[in-house]
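Step one of this worksheet: look at the structure below.
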Amino acid sequence: MSRQTAVPAMLMRGGSSKGLFFAADDLPADEDTRNRVLLAAMGSPDPRQIDGCGGAHPLTSKVGMVSLSKQPGIDLEFLFAQLQPGNDIVDTTPNCGNMLAAAVPFALEKGMIDAQTGETTLRVLTLNTGVLSDITVQTPDGVVSYEGDAKIDGVPGTSSPIRIRFLDTEGSVAGSLFPTGRSKDSFELDSFGALEATCIDNGMPMVLVRAADVGRTAYESVADLNADTELKNILEALRLVAAEKMGLGDVSARNYPKMCLLNAPLHGGAVHTRCFIPHVCHDAVGVLAAVTIATACMTPGSVAEGLAVVGNPASLAVEHPSGEFAVALETDDSGRVSSAALIRTARNLMRGEVLIPTSVWQGKA
């Protein structure tokens with residue numbers, strides 16, 4: 001018998017991300033203790049995360065915490081935590097739409113709520129930013145199904161589709177869609193000079209830049225961009241100054257805003273992208289990043305104007321290194337984006353207990 005603390009958990013893939021899922025009640029109520037438990041579970045801050053369940057990459061260093069909601073009209077509450085392989089920060093400020101896709105399957109697997117026959121739709125409140133979404137999971141015979149024909153780029157094979165309809169993403173962290181008050185700003189960087197950018201938050205605070213304005217194409221490989229120290233220095237300098245203007249303060253230790261290079265589409269989509277999260281080039285694109293980028297494509301005067309090919313807002317494809325991400329935007333009578341819908345997939349990879357040193361936490365009394 002182990003003298004470690006056993007915490008019930010599931011290892012789940014949500015979209016193109018992966019991480020541990022916990023019932024919130026199975027974790028310490030005290031935030032500091034909880035964070036120490038999560039760091040120990042993932043193996044951070046070791047860059048290899050060799051002593052934990054993390055995958056030594058930001059996309060596999062994530063945690064989802066799920067609880068039943070006591071608020072009228074809301075079924076579940078979801079708290080996302082971004083950890084990093086190389087530091088001891090547990091960031092619960094940003095959203096993660098990919099991990100959100102696994103929240104309802106987790107709750108159903110855990111028996112927190114009963115599945116319906118055919119499909120189950122639950123309203124989920126993301127506690128990080130207050131965003132509401134309706135999430136529909138396929139549940140034939142009242143059991144979660146992970147097998148199906150839905151394919152999302154960045155994930156091998158096909159799976160059962162999970163429909164996510166975001167209801168109120170505008171200004172999720174920064175407080176407004178364009179927190180600087182403009183669809184495009186010019187920033188003076190000591191190491192570079194003037195650089196135009198769009199600072200936008202429609203579910204994910206982002207700073208968007210035309211790739212050509214930094215001497216790149218956004219068609220480069222992920223490996224090449226991750227090795228491009230000059231570019232990363234420019235983007236980080238811009239990120240820090242833009243965040244201040246967005247009202248986000250000092251973000252040097254934060255994972256947001258995300259940075260993104262834009263160019264004209266190559267494969268019939270709306271726009272081509274290379275995103276950074278925030279210092280590592282993404283192999284794909286985040287769920288809410290795709291929603292935010294698609295919104296910029298619909299906005300006159302943004303840095304996407306002149307690059308993006310915008311047709312039907314109900315089907316905008318954001319191209320990324322491993323394919324494309326389709327977003328359906330709904331607009332109101334004024335043309336403002338009012339909601340976004342998309343398809344993700346998820347899968348339960350392992351269920352059991354993650355073991356934590358008793359020096360970190362001795363468990364529930």
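Chain labels A, B, ... are given in the sequence in which chains occur in the structure tokens; within each chain residues are numbered consecutively from 1, and ligands are likewise numbered from 1 in the order shown.
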With 8 Å as the cut-off and only C-alpha atoms counted, what is the closest atom pair between each nearby residue of stretch 98-192 of chain A and stretch 313-327 of chain A? Distances in Å to one decimal, ordered by chain and number, as a tab-separated table.
```
residue	atom	partner	partner_atom	distance
A:Ile152	CA	A:Phe325	CA	7.5
A:Asp153	CA	A:Gly323	CA	5.2
A:Gly154	CA	A:Ser322	CA	5.5
```
Within 6 Å of stretch 45-60 of chain A, counting only C-alpha atoms, which residues show up once you throw out same-chain ones fewer than 5 positions away? Write them as a list in words, please.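 That gives Ser17, Lys18, Gly19, Gln84, Pro85, Gly86, Asn87 and Asp88 of chain A.
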Using DSSP on the backbone coordinates, identify the residues of stretch 150-315 of chain A assigned to alpha helix (DSSP H); present them as a PDB file with N, CA, C and O atoms, in the first residue's frame.
```pdb
ATOM      1  N   VAL A 222       6.285  25.202 -37.965  1.00  0.00           N
ATOM      2  CA  VAL A 222       6.290  25.428 -36.521  1.00  0.00           C
ATOM      3  C   VAL A 222       7.708  25.360 -35.976  1.00  0.00           C
ATOM      4  O   VAL A 222       8.125  26.183 -35.147  1.00  0.00           O
ATOM      5  N   ALA A 223       8.491  24.394 -36.449  1.00  0.00           N
ATOM      6  CA  ALA A 223       9.870  24.236 -35.976  1.00  0.00           C
ATOM      7  C   ALA A 223      10.700  25.468 -36.298  1.00  0.00           C
ATOM      8  O   ALA A 223      11.493  25.938 -35.460  1.00  0.00           O
ATOM      9  N   ASP A 224      10.537  25.996 -37.506  1.00  0.00           N
ATOM     10  CA  ASP A 224      11.309  27.183 -37.888  1.00  0.00           C
ATOM     11  C   ASP A 224      10.934  28.381 -37.029  1.00  0.00           C
ATOM     12  O   ASP A 224      11.803  29.163 -36.615  1.00  0.00           O
ATOM     13  N   LEU A 225       9.663  28.552 -36.745  1.00  0.00           N
ATOM     14  CA  LEU A 225       9.234  29.697 -35.943  1.00  0.00           C
ATOM     15  C   LEU A 225       9.659  29.536 -34.488  1.00  0.00           C
ATOM     16  O   LEU A 225       9.999  30.518 -33.826  1.00  0.00           O
ATOM     17  N   ASN A 226       9.655  28.318 -33.991  1.00  0.00           N
ATOM     18  CA  ASN A 226      10.118  28.110 -32.616  1.00  0.00           C
ATOM     19  C   ASN A 226      11.614  28.355 -32.474  1.00  0.00           C
ATOM     20  O   ASN A 226      12.093  28.646 -31.371  1.00  0.00           O
ATOM     21  N   THR A 229      14.464  33.176 -32.810  1.00  0.00           N
ATOM     22  CA  THR A 229      14.598  33.976 -31.594  1.00  0.00           C
ATOM     23  C   THR A 229      14.291  35.444 -31.837  1.00  0.00           C
ATOM     24  O   THR A 229      13.671  36.112 -30.995  1.00  0.00           O
ATOM     25  N   GLU A 230      14.722  35.972 -32.966  1.00  0.00           N
ATOM     26  CA  GLU A 230      14.467  37.385 -33.279  1.00  0.00           C
ATOM     27  C   GLU A 230      12.966  37.663 -33.301  1.00  0.00           C
ATOM     28  O   GLU A 230      12.488  38.641 -32.703  1.00  0.00           O
ATOM     29  N   LEU A 231      12.196  36.818 -33.995  1.00  0.00           N
ATOM     30  CA  LEU A 231      10.753  37.004 -34.060  1.00  0.00           C
ATOM     31  C   LEU A 231      10.122  36.901 -32.671  1.00  0.00           C
ATOM     32  O   LEU A 231       9.278  37.727 -32.308  1.00  0.00           O
ATOM     33  N   LYS A 232      10.535  35.930 -31.901  1.00  0.00           N
ATOM     34  CA  LYS A 232       9.947  35.744 -30.577  1.00  0.00           C
ATOM     35  C   LYS A 232      10.223  36.934 -29.671  1.00  0.00           C
ATOM     36  O   LYS A 232       9.370  37.335 -28.863  1.00  0.00           O
ATOM     37  N   ASN A 233      11.388  37.539 -29.822  1.00  0.00           N
ATOM     38  CA  ASN A 233      11.703  38.738 -29.043  1.00  0.00           C
ATOM     39  C   ASN A 233      10.807  39.906 -29.445  1.00  0.00           C
ATOM     40  O   ASN A 233      10.344  40.682 -28.596  1.00  0.00           O
ATOM     41  N   ILE A 234      10.563  40.042 -30.741  1.00  0.00           N
ATOM     42  CA  ILE A 234       9.673  41.111 -31.223  1.00  0.00           C
ATOM     43  C   ILE A 234       8.263  40.902 -30.689  1.00  0.00           C
ATOM     44  O   ILE A 234       7.616  41.832 -30.177  1.00  0.00           O
ATOM     45  N   LEU A 235       7.769  39.664 -30.802  1.00  0.00           N
ATOM     46  CA  LEU A 235       6.408  39.379 -30.360  1.00  0.00           C
ATOM     47  C   LEU A 235       6.249  39.558 -28.858  1.00  0.00           C
ATOM     48  O   LEU A 235       5.213  40.042 -28.388  1.00  0.00           O
ATOM     49  N   GLU A 236       7.272  39.184 -28.089  1.00  0.00           N
ATOM     50  CA  GLU A 236       7.171  39.354 -26.643  1.00  0.00           C
ATOM     51  C   GLU A 236       7.194  40.833 -26.253  1.00  0.00           C
ATOM     52  O   GLU A 236       6.449  41.274 -25.373  1.00  0.00           O
ATOM     53  N   ALA A 237       8.022  41.617 -26.940  1.00  0.00           N
ATOM     54  CA  ALA A 237       8.042  43.055 -26.668  1.00  0.00           C
ATOM     55  C   ALA A 237       6.684  43.672 -26.974  1.00  0.00           C
ATOM     56  O   ALA A 237       6.162  44.499 -26.206  1.00  0.00           O
ATOM     57  N   LEU A 238       6.086  43.251 -28.102  1.00  0.00           N
ATOM     58  CA  LEU A 238       4.759  43.743 -28.460  1.00  0.00           C
ATOM     59  C   LEU A 238       3.711  43.263 -27.459  1.00  0.00           C
ATOM     60  O   LEU A 238       2.838  44.036 -27.043  1.00  0.00           O
ATOM     61  N   ARG A 239       3.785  42.022 -27.048  1.00  0.00           N
ATOM     62  CA  ARG A 239       2.815  41.457 -26.116  1.00  0.00           C
ATOM     63  C   ARG A 239       2.780  42.239 -24.809  1.00  0.00           C
ATOM     64  O   ARG A 239       1.700  42.558 -24.285  1.00  0.00           O
ATOM     65  N   LEU A 240       3.936  42.575 -24.296  1.00  0.00           N
ATOM     66  CA  LEU A 240       4.008  43.276 -23.013  1.00  0.00           C
ATOM     67  C   LEU A 240       3.420  44.678 -23.097  1.00  0.00           C
ATOM     68  O   LEU A 240       2.667  45.108 -22.218  1.00  0.00           O
ATOM     69  N   VAL A 241       3.754  45.411 -24.169  1.00  0.00           N
ATOM     70  CA  VAL A 241       3.251  46.779 -24.284  1.00  0.00           C
ATOM     71  C   VAL A 241       1.772  46.779 -24.672  1.00  0.00           C
ATOM     72  O   VAL A 241       0.993  47.616 -24.195  1.00  0.00           O
ATOM     73  N   ALA A 242       1.361  45.844 -25.534  1.00  0.00           N
ATOM     74  CA  ALA A 242      -0.045  45.786 -25.934  1.00  0.00           C
ATOM     75  C   ALA A 242      -0.931  45.400 -24.759  1.00  0.00           C
ATOM     76  O   ALA A 242      -2.040  45.931 -24.592  1.00  0.00           O
ATOM     77  N   ALA A 243      -0.467  44.478 -23.921  1.00  0.00           N
ATOM     78  CA  ALA A 243      -1.257  44.053 -22.769  1.00  0.00           C
ATOM     79  C   ALA A 243      -1.541  45.216 -21.828  1.00  0.00           C
ATOM     80  O   ALA A 243      -2.647  45.325 -21.267  1.00  0.00           O
ATOM     81  N   GLU A 244      -0.559  46.078 -21.639  1.00  0.00           N
ATOM     82  CA  GLU A 244      -0.775  47.257 -20.799  1.00  0.00           C
ATOM     83  C   GLU A 244      -1.883  48.122 -21.373  1.00  0.00           C
ATOM     84  O   GLU A 244      -2.764  48.604 -20.645  1.00  0.00           O
ATOM     85  N   LYS A 245      -1.855  48.305 -22.684  1.00  0.00           N
ATOM     86  CA  LYS A 245      -2.863  49.146 -23.328  1.00  0.00           C
ATOM     87  C   LYS A 245      -4.237  48.465 -23.331  1.00  0.00           C
ATOM     88  O   LYS A 245      -5.271  49.134 -23.393  1.00  0.00           O
ATOM     89  N   VAL A 287      -9.306  26.830 -29.633  1.00  0.00           N
ATOM     90  CA  VAL A 287     -10.719  26.994 -29.957  1.00  0.00           C
ATOM     91  C   VAL A 287     -11.135  28.463 -29.904  1.00  0.00           C
ATOM     92  O   VAL A 287     -11.650  29.026 -30.873  1.00  0.00           O
ATOM     93  N   LEU A 288     -10.920  29.090 -28.754  1.00  0.00           N
ATOM     94  CA  LEU A 288     -11.358  30.472 -28.599  1.00  0.00           C
ATOM     95  C   LEU A 288     -10.442  31.436 -29.332  1.00  0.00           C
ATOM     96  O   LEU A 288     -10.859  32.539 -29.703  1.00  0.00           O
ATOM     97  N   ALA A 289      -9.204  31.019 -29.595  1.00  0.00           N
ATOM     98  CA  ALA A 289      -8.344  31.813 -30.479  1.00  0.00           C
ATOM     99  C   ALA A 289      -8.943  31.843 -31.881  1.00  0.00           C
ATOM    100  O   ALA A 289      -8.967  32.902 -32.534  1.00  0.00           O
ATOM    101  N   ALA A 290      -9.441  30.701 -32.360  1.00  0.00           N
ATOM    102  CA  ALA A 290     -10.056  30.659 -33.687  1.00  0.00           C
ATOM    103  C   ALA A 290     -11.294  31.548 -33.746  1.00  0.00           C
ATOM    104  O   ALA A 290     -11.518  32.263 -34.738  1.00  0.00           O
ATOM    105  N   VAL A 291     -12.097  31.527 -32.677  1.00  0.00           N
ATOM    106  CA  VAL A 291     -13.277  32.397 -32.624  1.00  0.00           C
ATOM    107  C   VAL A 291     -12.857  33.867 -32.675  1.00  0.00           C
ATOM    108  O   VAL A 291     -13.439  34.680 -33.412  1.00  0.00           O
ATOM    109  N   THR A 292     -11.821  34.215 -31.921  1.00  0.00           N
ATOM    110  CA  THR A 292     -11.357  35.600 -31.869  1.00  0.00           C
ATOM    111  C   THR A 292     -10.771  36.038 -33.206  1.00  0.00           C
ATOM    112  O   THR A 292     -11.029  37.154 -33.687  1.00  0.00           O
ATOM    113  N   ILE A 293      -9.984  35.181 -33.832  1.00  0.00           N
ATOM    114  CA  ILE A 293      -9.397  35.501 -35.135  1.00  0.00           C
ATOM    115  C   ILE A 293     -10.495  35.660 -36.185  1.00  0.00           C
ATOM    116  O   ILE A 293     -10.466  36.603 -37.001  1.00  0.00           O
ATOM    117  N   ALA A 294     -11.472  34.749 -36.185  1.00  0.00           N
ATOM    118  CA  ALA A 294     -12.569  34.849 -37.150  1.00  0.00           C
ATOM    119  C   ALA A 294     -13.339  36.144 -36.966  1.00  0.00           C
ATOM    120  O   ALA A 294     -13.763  36.784 -37.945  1.00  0.00           O
ATOM    121  N   THR A 295     -13.510  36.574 -35.715  1.00  0.00           N
ATOM    122  CA  THR A 295     -14.193  37.839 -35.446  1.00  0.00           C
ATOM    123  C   THR A 295     -13.408  39.012 -36.017  1.00  0.00           C
ATOM    124  O   THR A 295     -13.981  39.939 -36.607  1.00  0.00           O
ATOM    125  N   ALA A 296     -12.084  38.974 -35.874  1.00  0.00           N
ATOM    126  CA  ALA A 296     -11.250  40.037 -36.455  1.00  0.00           C
ATOM    127  C   ALA A 296     -11.388  40.072 -37.965  1.00  0.00           C
ATOM    128  O   ALA A 296     -11.373  41.149 -38.577  1.00  0.00           O
ATOM    129  N   CYS A 297     -11.524  38.905 -38.588  1.00  0.00           N
ATOM    130  CA  CYS A 297     -11.697  38.854 -40.038  1.00  0.00           C
ATOM    131  C   CYS A 297     -12.985  39.543 -40.477  1.00  0.00           C
ATOM    132  O   CYS A 297     -13.074  40.052 -41.601  1.00  0.00           O
TER     133      CYS A 297
END
```
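Between atom CA of A:Pro140 and atom CA of A:Gln116 the interatomic distance comes to 8.1 Å.
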Which residue, A:Asp283, A:Glu196, A:Asp141, A:Asp201, has the smallest gap to A:Phe178 when you use only C-alpha atoms? A:Asp201
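The shortest atom-to-atom distance to A:Gly249, with only C-alpha atoms taken into account, belongs to A:Val173 out of A:Val143, A:Val173, A:Ala304, A:Ile277.
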Residues within 8 Å of A:Ser160, only C-alpha atoms, excluding chain neighbours under 4 positions, as a PyMOL selection string: chain A and resi 138+145-150+345-346
Among the residues A:Gly142, A:Gly268, A:Pro72, A:Gly215, the one that comes closest to A:Pro105 [using only C-alpha atoms]: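 Using only C-alpha atoms, the shortest distance to A:Pro105 belongs to A:Gly142.
Relative to atom CA of A:Ala101, atom CA of A:Glu119 is found at 14.6 Å.
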Run DSSP on the backbone and give me the residues of stretch 141-319 of chain A it puts in strand (DSSP E), as a ChimeraX atom specification. /A:162-166,185-189,193-201,205-210,258-263,271-276,316-319
Separation of atom CA of A:Arg347 from atom CA of A:Val124, in Å and rounded to one decimal: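 Computing the Euclidean distance for atom CA of A:Arg347 and atom CA of A:Val124 yields 18.3 Å.
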Name the residues in contact with A:Phe21 at a cut-off of 7 Å, using only C-alpha atoms, excluding same-chain residues fewer than 3 positions from it; report them as a PDB file with N, CA and C atoms, in the first residue's frame.
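Ended up saving to selection12.pdb:
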```
ATOM      1  N   ALA A   9      -9.040  10.891 -10.628  1.00  0.00           N
ATOM      2  CA  ALA A   9      -8.776  11.739 -11.791  1.00  0.00           C
ATOM      3  C   ALA A   9      -9.010  10.954 -13.068  1.00  0.00           C
ATOM      4  N   MET A  10      -9.174  11.671 -14.152  1.00  0.00           N
ATOM      5  CA  MET A  10      -9.210  11.081 -15.488  1.00  0.00           C
ATOM      6  C   MET A  10      -8.244  11.851 -16.368  1.00  0.00           C
ATOM      7  N   LEU A  11      -7.519  11.141 -17.191  1.00  0.00           N
ATOM      8  CA  LEU A  11      -6.677  11.764 -18.209  1.00  0.00           C
ATOM      9  C   LEU A  11      -7.498  11.819 -19.485  1.00  0.00           C
ATOM     10  N   MET A  12      -7.752  13.039 -19.963  1.00  0.00           N
ATOM     11  CA  MET A  12      -8.658  13.202 -21.102  1.00  0.00           C
ATOM     12  C   MET A  12      -8.033  14.070 -22.177  1.00  0.00           C
ATOM     13  N   VAL A  63      -5.254  21.311 -16.980  1.00  0.00           N
ATOM     14  CA  VAL A  63      -6.101  20.670 -15.982  1.00  0.00           C
ATOM     15  C   VAL A  63      -7.520  21.220 -16.105  1.00  0.00           C
ATOM     16  N   GLY A  64      -8.506  20.332 -15.978  1.00  0.00           N
ATOM     17  CA  GLY A  64      -9.899  20.733 -15.918  1.00  0.00           C
ATOM     18  C   GLY A  64     -10.509  20.329 -14.589  1.00  0.00           C
ATOM     19  N   MET A  65     -11.254  21.226 -13.966  1.00  0.00           N
ATOM     20  CA  MET A  65     -11.928  20.958 -12.701  1.00  0.00           C
ATOM     21  C   MET A  65     -13.418  21.216 -12.892  1.00  0.00           C
TER      22      MET A  65
END
```
Choose the residue, out of A:Asp185, A:Asp332, A:Asn312, A:Ala174, that has the smallest atom-to-atom separation from A:Gly247; count only C-alpha atoms.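 Using only C-alpha atoms, A:Gly247 sits closest to A:Ala174.
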Find the residues around A:Met259 up to 6 Å (only C-alpha atoms counted), leave out those fewer than 5 positions away in its own chain, and share them as a list in words. Met206, Val207, Cys275 and Phe276 of chain A
Which neighbours of stretch 354-359 of chain A fall inside 7 Å, counting only C-alpha atoms, when residues of the same chain fewer than 5 positions from it are skipped, and could you give them as a list in words? Gln4, Thr5, Ala6, Val7, Pro8, Ala9, Val37, Ala40 and Ala41 of chain A
